[in-house]
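Enquirer: Dropping in query.txt, which is compact mmCIF, C-alpha atoms and all ligand atoms:
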```txt
# COMPACT_ATOMS: atom_id res chain seq x y z
CA MET J 60 40.86 219.79 -167.53
CA GLN J 61 37.22 219.70 -168.74
CA VAL J 62 35.87 216.17 -169.20
CA GLN J 63 32.54 214.53 -169.95
CA ARG J 64 30.99 211.91 -167.71
CA VAL J 65 27.81 209.88 -167.41
CA VAL J 66 25.83 209.90 -164.17
CA LEU J 67 22.80 207.90 -163.07
CA ASN J 68 19.81 210.17 -163.70
CA SER J 69 17.03 207.92 -162.42
CA ARG J 70 16.35 204.29 -161.55
CA PRO J 71 14.16 202.12 -163.77
CA GLY J 72 12.58 200.47 -160.70
CA LYS J 73 13.12 196.80 -159.87
CA ASP J 74 10.50 195.69 -162.41
CA GLY J 75 11.25 198.33 -165.05
CA THR J 76 13.01 198.20 -168.40
CA PRO J 77 16.02 200.53 -168.41
CA VAL J 78 15.85 203.50 -170.82
CA PRO J 79 18.63 205.82 -172.04
CA GLU J 80 17.07 208.64 -169.96
CA ASN J 81 18.12 206.76 -166.82
CA PHE J 82 21.58 208.18 -167.65
CA ARG J 83 22.71 211.81 -168.02
CA LEU J 84 25.80 213.30 -169.66
CA GLU J 85 27.59 216.05 -167.74
CA GLU J 86 30.73 218.14 -167.94
CA THR J 87 33.08 218.21 -164.99
CA THR J 88 36.55 219.52 -164.19
CA LEU J 89 39.47 217.38 -163.08
CA ALA J 90 41.85 218.72 -160.44
CA PRO J 91 44.97 220.04 -162.21
CA GLU J 92 47.52 218.31 -159.95
CA LEU J 93 47.83 214.57 -159.32
CA LYS J 94 48.36 213.41 -155.75
CA ASP J 95 50.85 210.71 -154.78
CA GLY J 96 49.71 207.32 -156.09
CA GLU J 97 47.31 208.82 -158.67
CA VAL J 98 47.31 208.55 -162.45
CA LEU J 99 45.51 210.49 -165.16
CA VAL J 100 44.02 208.07 -167.70
CA ARG J 101 42.39 208.67 -171.06
CA THR J 102 39.49 206.30 -171.61
CA LEU J 103 39.71 204.27 -174.82
CA TYR J 104 36.84 201.75 -174.49
CA LEU J 105 34.05 201.14 -172.02
CA SER J 106 31.95 198.03 -171.52
CA VAL J 107 28.24 197.64 -170.84
CA ASP J 108 27.24 194.39 -169.16
CA PRO J 109 24.02 192.75 -167.97
CA TYR J 110 25.05 192.77 -164.26
CA MET J 111 24.84 196.57 -164.42
CA ARG J 112 21.06 196.24 -164.43
CA CYS J 113 21.33 195.21 -160.73
CA ARG J 114 23.51 198.25 -160.02
CA MET J 115 20.66 200.48 -161.25
CA ASN J 116 18.55 199.29 -158.30
CA GLU J 117 18.89 200.83 -154.86
CA ASP J 118 19.40 197.32 -153.52
CA THR J 119 21.46 195.26 -156.00
CA GLY J 120 20.46 191.97 -154.40
CA ALA J 121 24.11 190.83 -154.46
CA GLU J 122 26.73 191.46 -151.79
CA TYR J 123 29.53 191.84 -154.33
CA LEU J 124 27.72 194.58 -156.29
CA THR J 125 27.30 198.12 -154.98
CA PRO J 126 24.41 200.20 -156.30
CA TRP J 127 25.13 203.17 -158.55
CA GLN J 128 24.10 206.37 -156.78
CA LEU J 129 21.84 209.01 -158.31
CA SER J 130 23.74 211.92 -159.88
CA GLU J 131 27.05 210.13 -159.35
CA CYS J 132 29.35 208.90 -162.08
CA VAL J 133 28.55 205.38 -163.27
CA ASP J 134 31.41 202.84 -163.49
CA GLY J 135 32.19 199.44 -164.95
CA GLY J 136 34.77 197.68 -167.13
CA GLY J 137 37.09 200.02 -168.99
CA VAL J 138 40.41 200.18 -170.76
CA GLY J 139 42.56 203.24 -171.30
CA VAL J 140 45.99 204.71 -171.49
CA VAL J 141 48.01 206.46 -168.79
CA GLU J 142 48.65 210.09 -169.74
CA SER J 143 50.53 211.07 -166.59
CA SER J 144 51.40 209.26 -163.39
CA ARG J 145 52.44 209.83 -159.82
CA CYS J 146 52.25 206.11 -159.12
CA THR J 147 55.36 203.92 -159.12
CA THR J 148 53.62 200.98 -160.85
CA CYS J 149 52.17 202.93 -163.81
CA ALA J 150 54.03 204.94 -166.43
CA GLU J 151 52.90 207.28 -169.18
CA GLY J 152 51.78 205.24 -172.18
CA ASP J 153 50.83 202.11 -170.19
CA VAL J 154 47.57 200.44 -171.21
CA VAL J 155 45.49 199.70 -168.13
CA THR J 156 42.09 198.23 -167.25
CA SER J 157 39.77 198.19 -164.27
CA PHE J 158 36.34 196.75 -163.38
CA ASN J 159 35.54 200.12 -161.80
CA TRP J 160 36.40 202.51 -164.60
CA PRO J 161 34.28 205.69 -164.41
CA TRP J 162 32.14 206.46 -167.46
CA GLN J 163 34.27 209.53 -168.08
CA THR J 164 36.43 210.66 -171.01
CA HIS J 165 39.49 211.17 -168.78
CA ALA J 166 39.77 210.24 -165.11
CA VAL J 167 42.11 210.55 -162.17
CA MET J 168 42.36 207.11 -160.60
CA ALA J 169 44.41 205.40 -157.89
CA GLY J 170 47.19 203.52 -159.70
CA SER J 171 46.75 200.65 -157.25
CA GLY J 172 43.26 199.97 -158.65
CA LEU J 173 44.47 199.53 -162.22
CA GLN J 174 45.78 196.40 -163.95
CA LYS J 175 48.46 196.88 -166.54
CA VAL J 176 47.84 194.82 -169.68
CA ASP J 177 50.08 193.69 -172.53
CA SER J 178 48.61 194.84 -175.84
CA GLN J 179 50.43 191.98 -177.61
CA LEU J 180 47.95 189.57 -175.97
CA VAL J 181 45.27 191.03 -178.25
CA ASP J 182 47.42 192.03 -181.23
CA GLY J 183 46.56 195.65 -180.48
CA HIS J 184 42.74 195.15 -180.39
CA LEU J 185 42.51 196.76 -176.98
CA SER J 186 38.71 196.44 -176.75
CA TYR J 187 39.19 192.63 -176.56
CA PHE J 188 40.37 193.16 -172.98
CA LEU J 189 36.73 193.92 -172.16
CA GLY J 190 35.43 190.87 -174.02
CA ALA J 191 37.10 187.83 -175.55
CA VAL J 192 40.39 188.30 -173.68
CA GLY J 193 38.68 189.83 -170.65
CA ILE J 194 35.82 189.07 -168.35
CA THR J 195 33.37 187.65 -170.87
CA GLY J 196 35.95 185.32 -172.44
CA LEU J 197 36.96 184.21 -168.96
CA THR J 198 33.32 183.58 -168.06
CA ALA J 199 32.90 181.38 -171.12
CA LEU J 200 36.15 179.46 -170.62
CA LEU J 201 36.05 179.00 -166.86
CA GLY J 202 32.30 178.34 -166.88
CA ILE J 203 32.80 175.44 -169.29
CA ARG J 204 35.90 174.13 -167.52
CA GLU J 205 34.48 174.37 -163.99
CA LYS J 206 30.87 173.35 -164.56
CA GLY J 207 30.53 171.87 -168.05
CA TYR J 208 32.40 168.54 -167.74
CA VAL J 209 33.17 168.52 -171.45
CA THR J 210 35.23 165.44 -172.33
CA LYS J 211 36.95 164.85 -175.67
CA GLY J 212 35.65 161.74 -177.41
CA ALA J 213 32.45 161.61 -175.36
CA ASN J 214 30.21 162.68 -178.28
CA GLN J 215 28.64 165.49 -176.30
CA THR J 216 26.17 168.05 -177.61
CA MET J 217 26.26 171.53 -176.11
CA VAL J 218 23.47 174.11 -176.33
CA ILE J 219 24.11 177.77 -175.59
CA SER J 220 21.41 180.38 -174.95
CA GLY J 221 22.23 184.05 -175.51
CA ALA J 222 24.56 182.42 -178.03
CA ALA J 223 25.33 185.47 -180.16
CA GLY J 224 26.26 187.67 -177.21
CA ALA J 225 29.66 188.30 -175.68
CA CYS J 226 29.85 185.20 -173.44
CA GLY J 227 27.72 182.96 -175.61
CA SER J 228 29.60 183.52 -178.86
CA ILE J 229 32.88 182.57 -177.16
CA ALA J 230 31.35 179.71 -175.14
CA GLY J 231 30.12 177.92 -178.25
CA GLN J 232 33.52 178.11 -179.88
CA ILE J 233 35.24 176.81 -176.74
CA GLY J 234 32.70 174.00 -176.48
CA ARG J 235 33.73 172.90 -179.96
CA LEU J 236 37.48 173.33 -179.27
CA ASP J 237 37.17 171.38 -176.01
CA GLY J 238 35.57 168.44 -177.78
CA CYS J 239 31.78 168.71 -178.14
CA VAL J 240 30.66 167.14 -181.40
CA ARG J 241 27.65 169.42 -181.78
CA VAL J 242 27.27 173.01 -180.62
CA VAL J 243 23.85 174.61 -181.06
CA GLY J 244 23.10 178.26 -180.31
CA ILE J 245 19.80 179.94 -179.39
CA CYS J 246 19.54 183.67 -180.10
CA GLY J 247 17.17 186.45 -181.12
CA SER J 248 17.57 187.19 -184.83
CA GLU J 249 18.22 185.72 -188.25
CA ASP J 250 21.41 187.76 -188.62
CA LYS J 251 22.68 186.34 -185.34
CA CYS J 252 21.84 182.77 -186.40
CA LYS J 253 23.70 183.31 -189.66
CA ALA J 254 26.77 184.69 -187.88
CA LEU J 255 26.84 181.73 -185.47
CA VAL J 256 26.74 179.10 -188.19
CA GLU J 257 28.63 180.81 -191.00
CA ASP J 258 31.27 182.78 -189.09
CA LEU J 259 31.72 180.97 -185.76
CA GLY J 260 31.25 177.33 -186.80
CA PHE J 261 28.20 176.48 -184.67
CA SER J 262 26.47 173.30 -185.91
CA ALA J 263 23.05 174.99 -185.92
CA ALA J 264 21.32 178.10 -184.58
CA ILE J 265 17.73 178.69 -183.46
CA ASN J 266 15.94 182.04 -183.53
CA TYR J 267 13.81 181.93 -180.37
CA ARG J 268 11.75 184.93 -181.48
CA GLN J 269 10.52 183.21 -184.65
CA GLU J 270 11.00 179.48 -184.34
CA ASP J 271 9.55 176.69 -182.20
CA VAL J 272 12.54 176.19 -179.91
CA ALA J 273 11.49 172.71 -178.70
CA ALA J 274 10.96 171.39 -182.23
CA ARG J 275 14.15 172.91 -183.57
CA LEU J 276 16.17 171.55 -180.63
CA LYS J 277 14.86 168.03 -181.33
CA GLU J 278 15.91 168.39 -184.94
CA SER J 279 19.36 169.90 -184.29
CA CYS J 280 20.28 167.76 -181.25
CA PRO J 281 19.33 164.24 -182.39
CA ALA J 282 21.33 162.61 -179.56
CA GLY J 283 19.87 164.92 -176.89
CA ILE J 284 21.68 167.65 -174.96
CA ASP J 285 24.58 166.93 -172.60
CA VAL J 286 25.80 170.40 -171.66
CA TYR J 287 23.75 173.61 -171.50
CA PHE J 288 25.50 176.99 -171.18
CA ASP J 289 22.66 179.08 -169.80
CA ASN J 290 22.84 182.85 -170.23
CA VAL J 291 19.14 183.63 -170.23
CA GLY J 292 16.97 181.45 -167.94
CA GLY J 293 13.16 181.56 -168.16
CA ALA J 294 11.12 179.67 -170.74
CA ILE J 295 14.05 179.07 -173.10
CA SER J 296 15.97 177.27 -170.38
CA ASP J 297 12.95 175.22 -169.32
CA THR J 298 12.66 174.03 -172.92
CA VAL J 299 16.36 173.15 -173.17
CA ILE J 300 16.47 171.34 -169.82
CA ALA J 301 13.42 169.27 -170.82
CA GLN J 302 15.53 167.79 -173.65
CA MET J 303 18.70 167.14 -171.66
CA ASN J 304 20.19 163.69 -171.28
CA ASN J 305 20.64 161.84 -168.01
CA GLY J 306 23.75 163.01 -166.18
CA GLY J 307 23.88 166.28 -168.12
CA HIS J 308 25.32 169.57 -166.86
CA VAL J 309 23.85 173.07 -166.83
CA ILE J 310 26.39 175.89 -166.62
CA LEU J 311 24.36 178.48 -164.75
CA CYS J 312 26.07 181.57 -166.13
CA GLY J 313 23.28 184.15 -166.18
CA GLN J 314 19.50 184.62 -166.39
CA ILE J 315 19.12 187.83 -168.38
CA SER J 316 15.47 187.17 -169.27
CA GLN J 317 14.67 187.79 -165.57
CA TYR J 318 16.83 190.86 -164.87
CA ASN J 319 14.04 193.40 -165.27
CA LYS J 320 11.92 191.50 -162.76
CA ASP J 321 11.88 191.77 -159.00
CA VAL J 322 13.06 188.20 -158.35
CA PRO J 323 16.09 186.88 -156.42
CA TYR J 324 19.12 185.46 -158.22
CA PRO J 325 19.02 182.74 -159.35
CA PRO J 326 15.30 183.03 -160.02
CA PRO J 327 13.15 180.14 -158.79
CA LEU J 328 12.56 177.27 -161.24
CA SER J 329 9.20 175.75 -162.11
CA GLU J 330 8.29 172.44 -160.40
CA GLU J 331 8.52 170.69 -163.76
CA THR J 332 12.06 171.89 -164.44
CA GLN J 333 13.17 171.03 -160.92
CA GLU J 334 11.76 167.56 -161.43
CA ASN J 335 13.56 167.24 -164.78
CA LEU J 336 16.86 168.13 -163.10
CA ARG J 337 16.24 165.73 -160.20
CA SER J 338 15.02 162.75 -162.17
CA LYS J 339 17.76 162.98 -164.77
CA ASN J 340 20.52 163.71 -162.28
CA ILE J 341 21.51 166.92 -164.07
CA THR J 342 23.95 169.22 -162.25
CA ARG J 343 23.11 172.94 -162.15
CA GLU J 344 25.45 174.82 -159.87
CA ARG J 345 25.73 178.57 -159.85
CA PHE J 346 28.86 179.79 -161.64
CA MET J 347 30.55 183.10 -160.77
CA VAL J 348 33.69 184.02 -162.67
CA LEU J 349 34.87 186.21 -159.78
CA ASN J 350 35.30 183.05 -157.67
CA TYR J 351 38.09 181.79 -159.94
CA MET J 352 40.51 184.71 -159.96
CA SER J 353 43.48 182.41 -159.26
CA LYS J 354 42.90 180.84 -162.69
CA VAL J 355 42.63 184.11 -164.59
CA ASP J 356 46.19 184.57 -165.85
CA ALA J 357 46.44 181.11 -167.40
CA ALA J 358 42.93 181.39 -168.82
CA LEU J 359 43.61 184.81 -170.39
CA PHE J 360 46.74 183.42 -172.01
CA GLU J 361 44.78 180.51 -173.45
CA LEU J 362 42.08 182.85 -174.78
CA SER J 363 44.72 185.11 -176.25
CA GLN J 364 46.38 182.22 -178.09
CA TRP J 365 43.07 181.06 -179.52
CA VAL J 366 42.13 184.56 -180.65
CA LYS J 367 45.53 185.26 -182.21
CA SER J 368 45.48 181.95 -184.09
CA ALA J 369 41.88 182.65 -185.23
CA GLN J 370 40.64 179.43 -183.62
CA ILE J 371 38.28 181.74 -181.78
CA LYS J 372 36.68 184.50 -183.83
CA VAL J 373 35.66 187.63 -182.02
CA LEU J 374 32.46 189.51 -182.80
CA GLU J 375 31.91 193.04 -181.49
CA THR J 376 29.27 195.73 -181.84
CA VAL J 377 31.05 199.06 -181.45
CA VAL J 378 29.29 202.36 -180.79
CA ASN J 379 31.19 205.65 -180.71
CA GLY J 380 31.01 208.36 -178.07
CA ILE J 381 30.47 208.63 -174.34
CA GLU J 382 27.10 210.31 -175.00
CA ASN J 383 25.86 206.92 -176.26
CA MET J 384 26.70 204.87 -173.14
CA GLY J 385 23.14 204.73 -171.82
CA ALA J 386 21.65 203.89 -175.21
CA ALA J 387 24.29 201.20 -175.79
CA PHE J 388 23.53 199.62 -172.41
CA CYS J 389 19.77 199.56 -173.08
CA SER J 390 20.30 198.23 -176.58
CA MET J 391 22.50 195.37 -175.30
CA MET J 392 19.86 194.44 -172.71
CA LYS J 393 17.33 194.08 -175.57
CA GLY J 394 19.59 192.20 -177.97
CA GLY J 395 20.91 195.04 -180.14
CA ASN J 396 24.44 193.60 -180.04
CA ILE J 397 26.13 190.78 -181.92
CA GLY J 398 29.13 189.71 -179.87
CA LYS J 399 30.51 192.07 -177.25
CA GLN J 400 28.91 195.53 -176.96
CA ILE J 401 31.75 198.04 -176.81
CA ILE J 402 31.70 201.83 -176.64
CA LYS J 403 34.69 203.58 -178.16
CA ILE J 404 35.44 206.74 -176.20
CA SER J 405 38.69 207.94 -177.78
CA ALA J 406 41.33 206.80 -180.24
P1 LIG J 501 25.41 189.60 -174.10
O1 LIG J 501 26.45 190.15 -174.98
O2 LIG J 501 25.00 188.18 -174.28
O3 LIG J 501 24.14 190.56 -174.22
C1 LIG J 501 22.93 190.22 -173.66
C2 LIG J 501 22.07 189.39 -174.66
O4 LIG J 501 21.02 188.77 -173.95
C3 LIG J 501 21.38 190.23 -175.71
O5 LIG J 501 22.21 190.46 -176.81
C4 LIG J 501 20.14 189.41 -176.05
O6 LIG J 501 20.38 188.65 -177.22
C5 LIG J 501 19.97 188.47 -174.85
N1 LIG J 501 18.69 188.68 -174.19
C6 LIG J 501 18.22 189.82 -173.62
N2 LIG J 501 16.99 189.61 -173.11
C7 LIG J 501 16.67 188.32 -173.38
C8 LIG J 501 15.53 187.50 -173.11
N3 LIG J 501 14.46 187.99 -172.46
N4 LIG J 501 15.55 186.22 -173.53
C9 LIG J 501 16.62 185.72 -174.18
N5 LIG J 501 17.72 186.43 -174.46
C10 LIG J 501 17.74 187.72 -174.06
O7 LIG J 501 25.82 189.79 -172.57
P2 LIG J 501 27.02 189.05 -171.82
O8 LIG J 501 27.65 188.07 -172.71
O9 LIG J 501 27.85 190.07 -171.17
O10 LIG J 501 26.25 188.25 -170.66
C11 LIG J 501 25.54 187.05 -170.96
C12 LIG J 501 25.07 186.41 -169.66
O11 LIG J 501 26.21 186.05 -168.89
C13 LIG J 501 24.23 187.33 -168.79
O12 LIG J 501 23.19 186.59 -168.22
C14 LIG J 501 25.20 187.77 -167.72
O13 LIG J 501 24.57 188.13 -166.53
C15 LIG J 501 26.05 186.53 -167.58
N6 LIG J 501 27.39 186.74 -167.00
C16 LIG J 501 27.71 185.94 -165.95
C17 LIG J 501 28.95 186.00 -165.37
C18 LIG J 501 29.26 185.05 -164.27
O14 LIG J 501 30.30 185.17 -163.62
N7 LIG J 501 28.40 184.09 -164.01
C19 LIG J 501 29.95 186.98 -165.84
C20 LIG J 501 29.54 187.73 -167.00
C21 LIG J 501 28.28 187.61 -167.54
P3 LIG J 501 19.18 188.02 -178.13
O15 LIG J 501 19.11 188.84 -179.38
O16 LIG J 501 19.66 186.64 -178.40
O17 LIG J 501 17.94 188.10 -177.33
```
Kindly return the structure encoded in the file as structure tokens.
Ligand code: NDP

Expert:
Amino acid sequence: MQVQRVVLNSRPGKDGTPVPENFRLEETTLAPELKDGEVLVRTLYLSVDPYMRCRMNEDTGAEYLTPWQLSECVDGGGVGVVESSRCTTCAEGDVVTSFNWPWQTHAVMAGSGLQKVDSQLVDGHLSYFLGAVGITGLTALLGIREKGYVTKGANQTMVISGAAGACGSIAGQIGRLDGCVRVVGICGSEDKCKALVEDLGFSAAINYRQEDVAARLKESCPAGIDVYFDNVGGAISDTVIAQMNNGGHVILCGQISQYNKDVPYPPPLSEETQENLRSKNITRERFMVLNYMSKVDAALFELSQWVKSAQIKVLETVVNGIENMGAAFCSMMKGGNIGKQIIKISA
């Protein structure tokens, strides 16, 4: 069978901005016969995620992430359907996902590396398994539950950076559902601000590209900031932390503003921000969703219930075609997405 795949064409360099030309589309042939334990899957949806920027480097800087190799097929989160199987745990027609799905239109994979999913959990919106009812929803939910210390009735204000992205858009809604009285998002466009307030029920939204973030935070968080869900790091986070209340909590989810720089993770903080954290007794522990896998099943069920009952609204930016994987990744890294960036590969 002839299939299309995406390979790594070149590396952007540790300090470089990724470009679509870092990826290359190729045709390849799949072996006609499956071996014992293998399945043939048709790819439905693929995910592009910020952590992939590290996988473009020769040295990812993280033990749990292997680098993508030049001229080899790129992989990441994917969802697809089993077309034929020589594996006892997968049958034709099963919907399956993996964190290591090749960027390929069809693939032969070991059945043992696939998770079967129940499409009823997402009312048939199978792309949600890569977002709201998948890793980004889990990151939002478990990040808040493990590091946010949100308490009903405590009159807390939560601020989210990267608020209109996959994690951020869900995190703000969970902050509200879990009991924060104000939820304020920071993001990069007017359209995103509008979506946060009008569609997702955020109390206010700040466009960091056009507005004075410090002034707008003062205005929209009159009682200060208790919980900060940090997706971006850098100057935005310094500004938020400067306005946090004593005993506040930073959920250190990600630092995307620093991913095209040759700095360790988490990137070092300025003296001033360190002093703010120290003097106000603010917690800021690193959060990694992969450390909470024992809580995943219950958390996915909770996310699924919220999505099905429309208590959580899901935003997605969907691009069609495997040939657009590289462009979709680069666009997401620069803010081209509202909600989860998804690439639809086949129907
Ligand atoms: P998003 O859907 O949020 O996409 C990335 C967004 O980041 C863009 O849309 C853009 O939005 C914003 N952005 C890009 N560059 C900058 C910048 N310089 N300053 C401010 N904002 C910027 O991606 P995800 O939801 O998948 O990931 C969000 C964060 O969560 C990332 O930092 C990621 O690494 C982290 N993460 C952490 C996990 C964990 O276990 N800790 C697991 C999964 C994700 P805008 O228009 O607003 O600029």

Enquirer: Using all atoms listed in the file, which of the listed residues (J:Asn340, J:Gln333, J:Thr76, J:Ser248) sits closest to ligand LIG 501 (chain J)?

Expert: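 Among the listed residues, the smallest separation from ligand LIG 501 (chain J) belongs to J:Ser248.
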
Enquirer: Collect all residues with atoms no farther than 6 Å from ligand LIG 501 (chain J), counting all atoms listed in the file, and output them as JSON, numbers by chain.

Expert: {"J": [108, 109, 110, 195, 198, 221, 224, 225, 226, 227, 246, 247, 248, 290, 291, 312, 313, 314, 315, 316, 346, 347, 348, 391, 392, 393, 394, 395, 396, 398, 399]}

Enquirer: Ranking J:Ser363, J:Thr216, J:Asn379, J:Ser130 by minimum distance to Asp182 of chain J and counting only C-alpha atoms, which one comes first?

Expert: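 Ranked by minimum distance to Asp182 of chain J, first place goes to J:Ser363.
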
Enquirer: What gap, in Å, lies between atom CA of Ala213 of chain J and atom CA of Ala254 of chain J?

Expert: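 The value is 26.9 Å.
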
Enquirer: Counting only C-alpha atoms, figure out which residue out of J:Val242, J:Ile310, J:Ala166, J:Ile371 gets nearest to Ala90 of chain J.

Expert: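 Smallest separation from Ala90 of chain J among the options: J:Ala166.
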
Enquirer: Between J:Val100, J:Arg204, J:Pro326, J:Lys372, which one has atoms that come closest to Glu257 of chain J, using only C-alpha atoms?

Expert: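 Closest to Glu257 of chain J of all the choices is J:Lys372.
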
Enquirer: Using all atoms listed in the file, determine which residues lie at most 12 Å from Lys253 of chain J, disregarding the query and same-chain residues fewer than 4 positions distant; provide the list as a ChimeraX atom specification.

Expert: /J:222-223,244-249,257-266,397

Enquirer: Using all atoms listed in the file, pick whichever of J:Leu185, J:Ile300, J:Ile402, J:Leu311 has the shortest atom-to-atom distance to Arg337 of chain J.

Expert: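 That would be J:Ile300, the residue with the smallest distance to Arg337 of chain J.
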
Enquirer: Looking at all atoms listed in the file, which of J:Val355, J:Cys280, J:Val218, J:Val272 is the one that sits closest to Thr298 of chain J?

Expert: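 Looking at the shortest contact to Thr298 of chain J, the residue is J:Val272.
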
Enquirer: What does the structure give for the distance between atom CA of Lys206 of chain J and atom CA of Tyr123 of chain J, in Å to one decimal?

Expert: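 It comes out at 21.2 Å.
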
Enquirer: Around (10.3, 165.3, -165.7) in the file's frame, which residues reach within 12 Å when counting all atoms listed in the file? Return as a ChimeraX atom specification?

Expert: /J:297-298,300-305,329-341

Enquirer: Can you tell me, as a PyMOL selection string, what residues are no more than 7 Å from Leu67 of chain J when counting all atoms listed in the file, ignoring any on the same chain fewer than 4 positions away?

Expert: chain J and resi 81-83+127-133

Enquirer: One decimal, Å: what's the distance from atom CA of Ile229 of chain J over to atom CA of Met352 of chain J, could you say?

Expert: 18.9 Å

Enquirer: Please provide the set of residues having any atom within 6 Å of segment 144-152 of chain J, restricted to all atoms listed in the file, with same-chain residues fewer than 3 positions apart removed, written as JSON, numbers by chain.

Expert: {"J": [95, 96, 97, 98, 140, 141, 170]}

Enquirer: Excluding His308 of chain J and residues on its chain fewer than 6 positions from it, collect all residues at most 6 Å away from it, counting all atoms listed in the file, and give them as a list in words.

Expert: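 In the requested format, the answer is Gly207, Val286, Ile341 and Thr342 of chain J.
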
Enquirer: Extract, using all atoms listed in the file, all DNA, RNA and protein residues at most 10 Å from Gln174 of chain J, discarding same-chain residues fewer than 6 positions from it, and format them as a short mmCIF file (atom, residue, chain, number, x, y, z; two decimals) with C-alpha atoms, in the frame of the given file.

Expert:
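Once everything was written out, this is selection04.cif:
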```
data_model
loop_
_atom_site.label_atom_id
_atom_site.label_comp_id
_atom_site.auth_asym_id
_atom_site.auth_seq_id
_atom_site.Cartn_x
_atom_site.Cartn_y
_atom_site.Cartn_z
CA VAL J 138 40.41 200.18 -170.76
CA THR J 148 53.62 200.98 -160.85
CA CYS J 149 52.17 202.93 -163.81
CA ASP J 153 50.83 202.11 -170.19
CA VAL J 154 47.57 200.44 -171.21
CA VAL J 155 45.49 199.70 -168.13
CA THR J 156 42.09 198.23 -167.25
CA SER J 157 39.77 198.19 -164.27
CA PHE J 158 36.34 196.75 -163.38
#
```

Enquirer: (34.5, 166.5, -176.0) in this file's frame - what residues fall within 7 Å of it? Use only C-alpha atoms and give the answer as number ranges by chain.

Expert: J: 209-215, 237-240
